[in-house]
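**Student:** My structure is stored as upload-v4.cif, with mmCIF, N, CA and C atoms.
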data_my_file
#
loop_
_atom_site.label_atom_id
_atom_site.label_comp_id
_atom_site.auth_asym_id
_atom_site.auth_seq_id
_atom_site.Cartn_x
_atom_site.Cartn_y
_atom_site.Cartn_z
N GLY N 513 83.08 146.73 85.74
CA GLY N 513 83.54 147.93 86.37
C GLY N 513 84.99 148.24 86.01
N PHE N 514 85.53 149.15 86.75
CA PHE N 514 86.92 149.57 86.55
C PHE N 514 87.53 149.87 87.91
N ASP N 515 88.81 149.95 87.95
CA ASP N 515 89.54 150.21 89.18
C ASP N 515 89.44 151.70 89.51
N GLN N 516 88.76 152.04 90.59
CA GLN N 516 88.56 153.45 90.94
C GLN N 516 89.87 154.16 91.28
N ARG N 517 90.92 153.40 91.54
CA ARG N 517 92.23 154.03 91.79
C ARG N 517 92.81 154.65 90.53
N THR N 518 92.22 154.37 89.37
CA THR N 518 92.69 154.96 88.11
C THR N 518 92.03 156.31 87.82
N VAL N 519 91.17 156.75 88.74
CA VAL N 519 90.56 158.08 88.65
C VAL N 519 91.19 158.91 89.76
N TYR N 520 91.97 159.92 89.37
CA TYR N 520 92.74 160.69 90.35
C TYR N 520 91.97 161.86 90.93
N GLY N 521 91.01 162.38 90.21
CA GLY N 521 90.18 163.46 90.74
C GLY N 521 90.18 164.69 89.86
N VAL N 522 89.53 165.73 90.37
CA VAL N 522 89.43 167.00 89.65
C VAL N 522 90.78 167.70 89.73
N LEU N 523 91.25 168.19 88.60
CA LEU N 523 92.59 168.78 88.50
C LEU N 523 92.87 169.84 89.56
N VAL N 524 91.92 170.73 89.81
CA VAL N 524 92.14 171.81 90.77
C VAL N 524 92.46 171.28 92.17
N ARG N 525 91.98 170.11 92.49
CA ARG N 525 92.25 169.51 93.81
C ARG N 525 93.57 168.75 93.84
N LEU N 526 94.17 168.54 92.68
CA LEU N 526 95.43 167.81 92.59
C LEU N 526 96.64 168.73 92.57
N ILE N 527 96.40 170.03 92.44
CA ILE N 527 97.47 171.01 92.30
C ILE N 527 97.71 171.71 93.64
N LYS N 528 98.98 171.85 93.99
CA LYS N 528 99.38 172.61 95.17
C LYS N 528 100.20 173.80 94.68
N VAL N 529 99.75 175.00 94.98
CA VAL N 529 100.46 176.21 94.58
C VAL N 529 101.25 176.70 95.79
N LYS N 530 102.57 176.73 95.66
CA LYS N 530 103.42 177.14 96.78
C LYS N 530 103.24 178.60 97.14
N ASP N 531 103.15 179.44 96.14
CA ASP N 531 103.02 180.88 96.35
C ASP N 531 101.64 181.30 95.86
N GLN N 532 100.76 181.64 96.78
CA GLN N 532 99.37 181.97 96.45
C GLN N 532 99.23 183.15 95.50
N SER N 533 100.28 183.96 95.38
CA SER N 533 100.20 185.10 94.46
C SER N 533 100.14 184.65 93.00
N TYR N 534 100.43 183.39 92.72
CA TYR N 534 100.38 182.87 91.36
C TYR N 534 99.02 182.25 91.02
N CYS N 535 98.11 182.19 91.98
CA CYS N 535 96.81 181.54 91.74
C CYS N 535 96.01 182.21 90.65
N VAL N 536 95.98 183.53 90.62
CA VAL N 536 95.20 184.23 89.60
C VAL N 536 95.75 183.92 88.22
N ALA N 537 97.09 183.93 88.10
CA ALA N 537 97.70 183.61 86.81
C ALA N 537 97.34 182.18 86.39
N LEU N 538 97.39 181.25 87.32
CA LEU N 538 97.04 179.86 87.02
C LEU N 538 95.60 179.76 86.56
N GLU N 539 94.70 180.45 87.25
CA GLU N 539 93.29 180.43 86.87
C GLU N 539 93.07 181.01 85.48
N LYS N 540 93.78 182.08 85.16
CA LYS N 540 93.64 182.71 83.84
C LYS N 540 94.17 181.81 82.73
N VAL N 541 95.30 181.16 82.98
CA VAL N 541 95.91 180.30 81.96
C VAL N 541 95.14 179.00 81.78
N ALA N 542 94.78 178.36 82.87
CA ALA N 542 94.12 177.05 82.80
C ALA N 542 92.62 177.16 82.59
N GLY N 543 92.02 178.21 83.12
CA GLY N 543 90.59 178.42 82.97
C GLY N 543 89.76 177.23 83.42
N GLY N 544 88.78 176.86 82.63
CA GLY N 544 87.88 175.77 82.95
C GLY N 544 88.53 174.41 83.01
N LYS N 545 89.73 174.30 82.46
CA LYS N 545 90.42 173.01 82.48
C LYS N 545 90.80 172.59 83.89
N LEU N 546 90.80 173.54 84.83
CA LEU N 546 91.07 173.21 86.23
C LEU N 546 90.02 172.26 86.79
N PHE N 547 88.86 172.18 86.13
CA PHE N 547 87.78 171.34 86.63
C PHE N 547 87.63 170.04 85.84
N TYR N 548 88.60 169.72 85.01
CA TYR N 548 88.62 168.44 84.31
C TYR N 548 88.96 167.34 85.31
N VAL N 549 88.47 166.14 85.04
CA VAL N 549 88.78 164.98 85.89
C VAL N 549 89.98 164.25 85.28
N VAL N 550 91.01 164.05 86.10
CA VAL N 550 92.22 163.37 85.66
C VAL N 550 92.06 161.87 85.91
N VAL N 551 92.25 161.10 84.83
CA VAL N 551 92.19 159.64 84.91
C VAL N 551 93.52 159.07 84.41
N GLU N 552 93.77 157.82 84.71
CA GLU N 552 95.06 157.21 84.37
C GLU N 552 95.32 157.15 82.87
N ASP N 553 94.34 156.68 82.11
CA ASP N 553 94.57 156.50 80.67
C ASP N 553 93.25 156.59 79.91
N ALA N 554 93.36 156.52 78.59
CA ALA N 554 92.18 156.66 77.73
C ALA N 554 91.18 155.53 77.94
N SER N 555 91.66 154.34 78.25
CA SER N 555 90.72 153.23 78.46
C SER N 555 89.87 153.44 79.71
N THR N 556 90.44 154.06 80.74
CA THR N 556 89.66 154.40 81.93
C THR N 556 88.59 155.42 81.57
N ALA N 557 88.97 156.45 80.81
CA ALA N 557 88.00 157.47 80.39
C ALA N 557 86.88 156.84 79.58
N THR N 558 87.24 155.95 78.67
CA THR N 558 86.25 155.28 77.82
C THR N 558 85.28 154.46 78.67
N ARG N 559 85.80 153.71 79.63
CA ARG N 559 84.93 152.89 80.49
C ARG N 559 83.98 153.77 81.30
N ILE N 560 84.48 154.89 81.82
CA ILE N 560 83.63 155.78 82.60
C ILE N 560 82.50 156.33 81.73
N ILE N 561 82.83 156.74 80.53
CA ILE N 561 81.82 157.29 79.61
C ILE N 561 80.82 156.22 79.20
N GLU N 562 81.31 155.04 78.84
CA GLU N 562 80.42 153.96 78.38
C GLU N 562 79.49 153.47 79.48
N GLU N 563 79.98 153.44 80.72
CA GLU N 563 79.17 152.95 81.83
C GLU N 563 78.27 154.03 82.42
N GLY N 564 78.44 155.27 81.94
CA GLY N 564 77.61 156.36 82.42
C GLY N 564 77.73 156.59 83.91
N ARG N 565 78.95 156.55 84.43
CA ARG N 565 79.17 156.60 85.88
C ARG N 565 79.26 158.02 86.43
N LEU N 566 79.10 159.00 85.60
CA LEU N 566 79.20 160.39 86.08
C LEU N 566 77.81 160.99 86.23
N PRO N 567 77.57 161.71 87.32
CA PRO N 567 76.24 162.28 87.55
C PRO N 567 75.91 163.46 86.62
N ARG N 568 76.93 164.03 86.02
CA ARG N 568 76.73 165.12 85.07
C ARG N 568 77.88 165.09 84.07
N ARG N 569 77.87 166.02 83.14
CA ARG N 569 78.91 166.05 82.10
C ARG N 569 80.23 166.54 82.68
N TYR N 570 81.30 165.79 82.44
CA TYR N 570 82.65 166.17 82.83
C TYR N 570 83.59 165.99 81.65
N ASN N 571 84.67 166.74 81.64
CA ASN N 571 85.75 166.52 80.69
C ASN N 571 86.79 165.67 81.40
N LEU N 572 87.31 164.68 80.70
CA LEU N 572 88.29 163.77 81.29
C LEU N 572 89.65 163.98 80.64
N ILE N 573 90.71 163.96 81.45
CA ILE N 573 92.08 164.08 80.95
C ILE N 573 92.81 162.78 81.26
N PRO N 574 93.16 162.00 80.24
CA PRO N 574 93.99 160.81 80.48
C PRO N 574 95.43 161.24 80.78
N LEU N 575 95.91 160.94 81.97
CA LEU N 575 97.23 161.36 82.42
C LEU N 575 98.34 160.87 81.50
N LYS N 576 98.20 159.67 80.99
CA LYS N 576 99.26 159.11 80.13
C LYS N 576 99.35 159.80 78.78
N GLN N 577 98.37 160.63 78.44
CA GLN N 577 98.41 161.34 77.16
C GLN N 577 98.84 162.79 77.28
N ILE N 578 99.12 163.22 78.51
CA ILE N 578 99.56 164.60 78.71
C ILE N 578 101.02 164.72 78.33
N VAL N 579 101.32 165.70 77.51
CA VAL N 579 102.69 165.93 77.06
C VAL N 579 103.13 167.28 77.61
N SER N 580 104.27 167.29 78.27
CA SER N 580 104.77 168.58 78.77
C SER N 580 105.85 169.10 77.85
N ASN N 581 105.93 170.39 77.78
CA ASN N 581 106.95 171.03 76.97
C ASN N 581 107.89 171.79 77.88
N LYS N 582 109.15 171.47 77.82
CA LYS N 582 110.14 172.17 78.64
C LYS N 582 110.54 173.45 77.94
N ILE N 583 110.57 174.52 78.70
CA ILE N 583 111.01 175.80 78.16
C ILE N 583 112.53 175.81 78.20
N ASN N 584 113.14 176.14 77.07
CA ASN N 584 114.61 176.10 77.04
C ASN N 584 115.20 177.23 77.88
N ASP N 585 116.43 177.04 78.33
CA ASP N 585 117.10 177.97 79.23
C ASP N 585 117.23 179.38 78.66
N ASP N 586 117.45 179.49 77.35
CA ASP N 586 117.58 180.82 76.73
C ASP N 586 116.28 181.61 76.84
N THR N 587 115.16 180.94 76.67
CA THR N 587 113.86 181.60 76.78
C THR N 587 113.62 182.07 78.20
N ILE N 588 113.97 181.24 79.18
CA ILE N 588 113.81 181.62 80.59
C ILE N 588 114.68 182.82 80.93
N LYS N 589 115.93 182.82 80.46
CA LYS N 589 116.84 183.94 80.72
C LYS N 589 116.29 185.22 80.12
N LEU N 590 115.79 185.14 78.90
CA LEU N 590 115.22 186.31 78.23
C LEU N 590 114.00 186.84 78.99
N ALA N 591 113.12 185.94 79.42
CA ALA N 591 111.92 186.35 80.16
C ALA N 591 112.31 187.02 81.47
N LYS N 592 113.30 186.48 82.17
CA LYS N 592 113.75 187.09 83.42
C LYS N 592 114.34 188.47 83.17
N LYS N 593 115.09 188.59 82.09
CA LYS N 593 115.70 189.88 81.75
C LYS N 593 114.63 190.92 81.44
N LYS N 594 113.63 190.51 80.65
CA LYS N 594 112.56 191.42 80.26
C LYS N 594 111.68 191.81 81.43
N SER N 595 111.52 190.89 82.39
CA SER N 595 110.62 191.16 83.52
C SER N 595 111.32 191.89 84.66
N ASN N 596 112.64 191.96 84.60
CA ASN N 596 113.43 192.57 85.67
C ASN N 596 113.15 191.91 87.01
N SER N 597 112.89 190.59 86.98
CA SER N 597 112.56 189.88 88.20
C SER N 597 113.34 188.57 88.29
N ALA N 598 114.00 188.37 89.41
CA ALA N 598 114.71 187.11 89.65
C ALA N 598 113.75 186.04 90.13
N ASN N 599 112.53 186.42 90.48
CA ASN N 599 111.55 185.47 91.03
C ASN N 599 110.51 185.03 90.01
N LEU N 600 110.84 185.14 88.75
CA LEU N 600 109.91 184.75 87.70
C LEU N 600 109.57 183.26 87.88
N ALA N 601 108.30 182.93 87.93
CA ALA N 601 107.87 181.55 88.18
C ALA N 601 107.88 180.75 86.90
N MET N 602 108.90 179.95 86.71
CA MET N 602 108.97 179.08 85.54
C MET N 602 109.54 177.76 85.93
#
Represent the supplied structure as structure tokens.

**Tutor:**
Amino acid sequence: GFDQRTVYGVLVRLIKVKDQSYCVALEKVAGGKLFYVVVEDASTATRIIEEGRLPRRYNLIPLKQIVSNKINDDTIKLAKKKSNSANLAM
């Protein structure tokens, strides 16, 4: 078996949106990926797949392989200027 604590759950249940007005944008950007299962690492994903522990087909996201990209300050300033909004969510 494997340690079930290394399976964090479905992405959509792991996200908290502070301002509900951004939910539609999040759904449009993330799409079906909101329903991926987040696991700790690739070896956890491999064990789950090999042991056939899922009742149906799921996509798995190893958390340790997720890379985030920081938007530089100049890009944020330009986006705020173009949008005429001080509340731009970035």

**Student:** Excluding Tyr520 in chain N and any residue of its chain fewer than 2 positions from it, enumerate the residues within 5 Å of it, using only N, CA and C atoms, and give them as a list of chain:residue names.

**Tutor:** N:Thr518, N:Val522, N:Val550, N:Val551

**Student:** Could those residues be written to a file, using N, CA and C atoms, as an mmCIF file, in the coordinates of the input?

**Tutor:**
data_model
loop_
_atom_site.group_PDB
_atom_site.id
_atom_site.type_symbol
_atom_site.label_atom_id
_atom_site.label_comp_id
_atom_site.auth_asym_id
_atom_site.auth_seq_id
_atom_site.Cartn_x
_atom_site.Cartn_y
_atom_site.Cartn_z
ATOM 1 N N THR N 518 92.220 154.370 89.370
ATOM 2 C CA THR N 518 92.690 154.960 88.110
ATOM 3 C C THR N 518 92.030 156.310 87.820
ATOM 4 N N VAL N 522 89.530 165.730 90.370
ATOM 5 C CA VAL N 522 89.430 167.000 89.650
ATOM 6 C C VAL N 522 90.780 167.700 89.730
ATOM 7 N N VAL N 550 91.010 164.050 86.100
ATOM 8 C CA VAL N 550 92.220 163.370 85.660
ATOM 9 C C VAL N 550 92.060 161.870 85.910
ATOM 10 N N VAL N 551 92.250 161.100 84.830
ATOM 11 C CA VAL N 551 92.190 159.640 84.910
ATOM 12 C C VAL N 551 93.520 159.070 84.410
#

**Student:** I'd like the interatomic distance between CA of Leu575 in chain N and atom C of Lys528 in chain N, to a tenth of an Å.

**Tutor:**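 Atom C of Lys528 in chain N lies 17.7 Å from CA of Leu575 in chain N.
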
**Student:** Just say which residues the PyMOL selection byres (((chain N and resi 555-567 and name CA) around 12) and name CA) picks in this file, as a tab-separated table (two decimals) with N, CA and C atoms, in the coordinates of the input.

**Tutor:**
chain	number	residue	atom	x	y	z
N	513	GLY	N	83.08	146.73	85.74
N	513	GLY	CA	83.54	147.93	86.37
N	513	GLY	C	84.99	148.24	86.01
N	514	PHE	N	85.53	149.15	86.75
N	514	PHE	CA	86.92	149.57	86.55
N	514	PHE	C	87.53	149.87	87.91
N	515	ASP	N	88.81	149.95	87.95
N	515	ASP	CA	89.54	150.21	89.18
N	515	ASP	C	89.44	151.70	89.51
N	516	GLN	N	88.76	152.04	90.59
N	516	GLN	CA	88.56	153.45	90.94
N	516	GLN	C	89.87	154.16	91.28
N	517	ARG	N	90.92	153.40	91.54
N	517	ARG	CA	92.23	154.03	91.79
N	517	ARG	C	92.81	154.65	90.53
N	518	THR	N	92.22	154.37	89.37
N	518	THR	CA	92.69	154.96	88.11
N	518	THR	C	92.03	156.31	87.82
N	519	VAL	N	91.17	156.75	88.74
N	519	VAL	CA	90.56	158.08	88.65
N	519	VAL	C	91.19	158.91	89.76
N	520	TYR	N	91.97	159.92	89.37
N	520	TYR	CA	92.74	160.69	90.35
N	520	TYR	C	91.97	161.86	90.93
N	548	TYR	N	88.60	169.72	85.01
N	548	TYR	CA	88.62	168.44	84.31
N	548	TYR	C	88.96	167.34	85.31
N	549	VAL	N	88.47	166.14	85.04
N	549	VAL	CA	88.78	164.98	85.89
N	549	VAL	C	89.98	164.25	85.28
N	550	VAL	N	91.01	164.05	86.10
N	550	VAL	CA	92.22	163.37	85.66
N	550	VAL	C	92.06	161.87	85.91
N	551	VAL	N	92.25	161.10	84.83
N	551	VAL	CA	92.19	159.64	84.91
N	551	VAL	C	93.52	159.07	84.41
N	552	GLU	N	93.77	157.82	84.71
N	552	GLU	CA	95.06	157.21	84.37
N	552	GLU	C	95.32	157.15	82.87
N	553	ASP	N	94.34	156.68	82.11
N	553	ASP	CA	94.57	156.50	80.67
N	553	ASP	C	93.25	156.59	79.91
N	554	ALA	N	93.36	156.52	78.59
N	554	ALA	CA	92.18	156.66	77.73
N	554	ALA	C	91.18	155.53	77.94
N	568	ARG	N	76.93	164.03	86.02
N	568	ARG	CA	76.73	165.12	85.07
N	568	ARG	C	77.88	165.09	84.07
N	569	ARG	N	77.87	166.02	83.14
N	569	ARG	CA	78.91	166.05	82.10
N	569	ARG	C	80.23	166.54	82.68
N	570	TYR	N	81.30	165.79	82.44
N	570	TYR	CA	82.65	166.17	82.83
N	570	TYR	C	83.59	165.99	81.65
N	571	ASN	N	84.67	166.74	81.64
N	571	ASN	CA	85.75	166.52	80.69
N	571	ASN	C	86.79	165.67	81.40
N	572	LEU	N	87.31	164.68	80.70
N	572	LEU	CA	88.29	163.77	81.29
N	572	LEU	C	89.65	163.98	80.64
N	573	ILE	N	90.71	163.96	81.45
N	573	ILE	CA	92.08	164.08	80.95
N	573	ILE	C	92.81	162.78	81.26
N	574	PRO	N	93.16	162.00	80.24
N	574	PRO	CA	93.99	160.81	80.48
N	574	PRO	C	95.43	161.24	80.78
N	575	LEU	N	95.91	160.94	81.97
N	575	LEU	CA	97.23	161.36	82.42
N	575	LEU	C	98.34	160.87	81.50
N	576	LYS	N	98.20	159.67	80.99
N	576	LYS	CA	99.26	159.11	80.13
N	576	LYS	C	99.35	159.80	78.78
N	577	GLN	N	98.37	160.63	78.44
N	577	GLN	CA	98.41	161.34	77.16
N	577	GLN	C	98.84	162.79	77.28

**Student:** Can you tell me, as JSON, numbers by chain, which residues in chain N count as helix (DSSP H, G or I) by DSSP?

**Tutor:** {"N": [516, 517, 518, 523, 524, 525, 526, 532, 533, 534, 535, 536, 537, 538, 539, 540, 541, 542, 543, 544, 545, 546, 547, 554, 555, 556, 557, 558, 559, 560, 561, 562, 563, 575, 576, 577, 585, 586, 587, 588, 589, 590, 591, 592, 593, 594, 595]}

**Student:** Could you dump the residues just selected with N, CA and C atoms as a compact mmCIF listing (two decimals), in the frame of the given file?

**Tutor:**
# COMPACT_ATOMS: atom_id res chain seq x y z
N GLN N 516 88.76 152.04 90.59
CA GLN N 516 88.56 153.45 90.94
C GLN N 516 89.87 154.16 91.28
N ARG N 517 90.92 153.40 91.54
CA ARG N 517 92.23 154.03 91.79
C ARG N 517 92.81 154.65 90.53
N THR N 518 92.22 154.37 89.37
CA THR N 518 92.69 154.96 88.11
C THR N 518 92.03 156.31 87.82
N LEU N 523 91.25 168.19 88.60
CA LEU N 523 92.59 168.78 88.50
C LEU N 523 92.87 169.84 89.56
N VAL N 524 91.92 170.73 89.81
CA VAL N 524 92.14 171.81 90.77
C VAL N 524 92.46 171.28 92.17
N ARG N 525 91.98 170.11 92.49
CA ARG N 525 92.25 169.51 93.81
C ARG N 525 93.57 168.75 93.84
N LEU N 526 94.17 168.54 92.68
CA LEU N 526 95.43 167.81 92.59
C LEU N 526 96.64 168.73 92.57
N GLN N 532 100.76 181.64 96.78
CA GLN N 532 99.37 181.97 96.45
C GLN N 532 99.23 183.15 95.50
N SER N 533 100.28 183.96 95.38
CA SER N 533 100.20 185.10 94.46
C SER N 533 100.14 184.65 93.00
N TYR N 534 100.43 183.39 92.72
CA TYR N 534 100.38 182.87 91.36
C TYR N 534 99.02 182.25 91.02
N CYS N 535 98.11 182.19 91.98
CA CYS N 535 96.81 181.54 91.74
C CYS N 535 96.01 182.21 90.65
N VAL N 536 95.98 183.53 90.62
CA VAL N 536 95.20 184.23 89.60
C VAL N 536 95.75 183.92 88.22
N ALA N 537 97.09 183.93 88.10
CA ALA N 537 97.70 183.61 86.81
C ALA N 537 97.34 182.18 86.39
N LEU N 538 97.39 181.25 87.32
CA LEU N 538 97.04 179.86 87.02
C LEU N 538 95.60 179.76 86.56
N GLU N 539 94.70 180.45 87.25
CA GLU N 539 93.29 180.43 86.87
C GLU N 539 93.07 181.01 85.48
N LYS N 540 93.78 182.08 85.16
CA LYS N 540 93.64 182.71 83.84
C LYS N 540 94.17 181.81 82.73
N VAL N 541 95.30 181.16 82.98
CA VAL N 541 95.91 180.30 81.96
C VAL N 541 95.14 179.00 81.78
N ALA N 542 94.78 178.36 82.87
CA ALA N 542 94.12 177.05 82.80
C ALA N 542 92.62 177.16 82.59
N GLY N 543 92.02 178.21 83.12
CA GLY N 543 90.59 178.42 82.97
C GLY N 543 89.76 177.23 83.42
N GLY N 544 88.78 176.86 82.63
CA GLY N 544 87.88 175.77 82.95
C GLY N 544 88.53 174.41 83.01
N LYS N 545 89.73 174.30 82.46
CA LYS N 545 90.42 173.01 82.48
C LYS N 545 90.80 172.59 83.89
N LEU N 546 90.80 173.54 84.83
CA LEU N 546 91.07 173.21 86.23
C LEU N 546 90.02 172.26 86.79
N PHE N 547 88.86 172.18 86.13
CA PHE N 547 87.78 171.34 86.63
C PHE N 547 87.63 170.04 85.84
N ALA N 554 93.36 156.52 78.59
CA ALA N 554 92.18 156.66 77.73
C ALA N 554 91.18 155.53 77.94
N SER N 555 91.66 154.34 78.25
CA SER N 555 90.72 153.23 78.46
C SER N 555 89.87 153.44 79.71
N THR N 556 90.44 154.06 80.74
CA THR N 556 89.66 154.40 81.93
C THR N 556 88.59 155.42 81.57
N ALA N 557 88.97 156.45 80.81
CA ALA N 557 88.00 157.47 80.39
C ALA N 557 86.88 156.84 79.58
N THR N 558 87.24 155.95 78.67
CA THR N 558 86.25 155.28 77.82
C THR N 558 85.28 154.46 78.67
N ARG N 559 85.80 153.71 79.63
CA ARG N 559 84.93 152.89 80.49
C ARG N 559 83.98 153.77 81.30
N ILE N 560 84.48 154.89 81.82
CA ILE N 560 83.63 155.78 82.60
C ILE N 560 82.50 156.33 81.73
N ILE N 561 82.83 156.74 80.53
CA ILE N 561 81.82 157.29 79.61
C ILE N 561 80.82 156.22 79.20
N GLU N 562 81.31 155.04 78.84
CA GLU N 562 80.42 153.96 78.38
C GLU N 562 79.49 153.47 79.48
N GLU N 563 79.98 153.44 80.72
CA GLU N 563 79.17 152.95 81.83
C GLU N 563 78.27 154.03 82.42
N LEU N 575 95.91 160.94 81.97
CA LEU N 575 97.23 161.36 82.42
C LEU N 575 98.34 160.87 81.50
N LYS N 576 98.20 159.67 80.99
CA LYS N 576 99.26 159.11 80.13
C LYS N 576 99.35 159.80 78.78
N GLN N 577 98.37 160.63 78.44
CA GLN N 577 98.41 161.34 77.16
C GLN N 577 98.84 162.79 77.28
N ASP N 585 116.43 177.04 78.33
CA ASP N 585 117.10 177.97 79.23
C ASP N 585 117.23 179.38 78.66
N ASP N 586 117.45 179.49 77.35
CA ASP N 586 117.58 180.82 76.73
C ASP N 586 116.28 181.61 76.84
N THR N 587 115.16 180.94 76.67
CA THR N 587 113.86 181.60 76.78
C THR N 587 113.62 182.07 78.20
N ILE N 588 113.97 181.24 79.18
CA ILE N 588 113.81 181.62 80.59
C ILE N 588 114.68 182.82 80.93
N LYS N 589 115.93 182.82 80.46
CA LYS N 589 116.84 183.94 80.72
C LYS N 589 116.29 185.22 80.12
N LEU N 590 115.79 185.14 78.90
CA LEU N 590 115.22 186.31 78.23
C LEU N 590 114.00 186.84 78.99
N ALA N 591 113.12 185.94 79.42
CA ALA N 591 111.92 186.35 80.16
C ALA N 591 112.31 187.02 81.47
N LYS N 592 113.30 186.48 82.17
CA LYS N 592 113.75 187.09 83.42
C LYS N 592 114.34 188.47 83.17
N LYS N 593 115.09 188.59 82.09
CA LYS N 593 115.70 189.88 81.75
C LYS N 593 114.63 190.92 81.44
N LYS N 594 113.63 190.51 80.65
CA LYS N 594 112.56 191.42 80.26
C LYS N 594 111.68 191.81 81.43
N SER N 595 111.52 190.89 82.39
CA SER N 595 110.62 191.16 83.52
C SER N 595 111.32 191.89 84.66

**Student:** Per DSSP on the backbone, what are the strand (DSSP E) residues of chain N, as a PyMOL selection string?

**Tutor:** chain N and resi 519-522+549-551+572-574

**Student:** Quick one: distance from CA of Val536 in chain N to CA of Ser580 in chain N in Å, one decimal?

**Tutor:**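 Separation between CA of Val536 in chain N and CA of Ser580 in chain N: 21.3 Å.
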
**Student:** Kindly compute an axis-aligned box around the listed atoms of range 576-585 of chain N, allowing 3 Å on each side, and express its centre and edge lengths in Å to one decimal as JSON.

**Tutor:**
{"center_x": 107.7, "center_y": 169.2, "center_z": 79.0, "size_x": 25.0, "size_y": 26.3, "size_z": 10.0}

**Student:** What does the distance between atom C of Cys535 in chain N and atom N of Phe547 in chain N come to in Å, to one decimal place?

**Tutor:** 13.1 Å

**Student:** I need the residue nearest Ile527 in chain N from this list: N:Ile578, N:Lys540, N:Ala591, N:Leu546. Use only C-alpha atoms for the distance.

**Tutor:**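 Nearest candidate to Ile527 in chain N out of N:Ile578, N:Lys540, N:Ala591, N:Leu546: N:Leu546.
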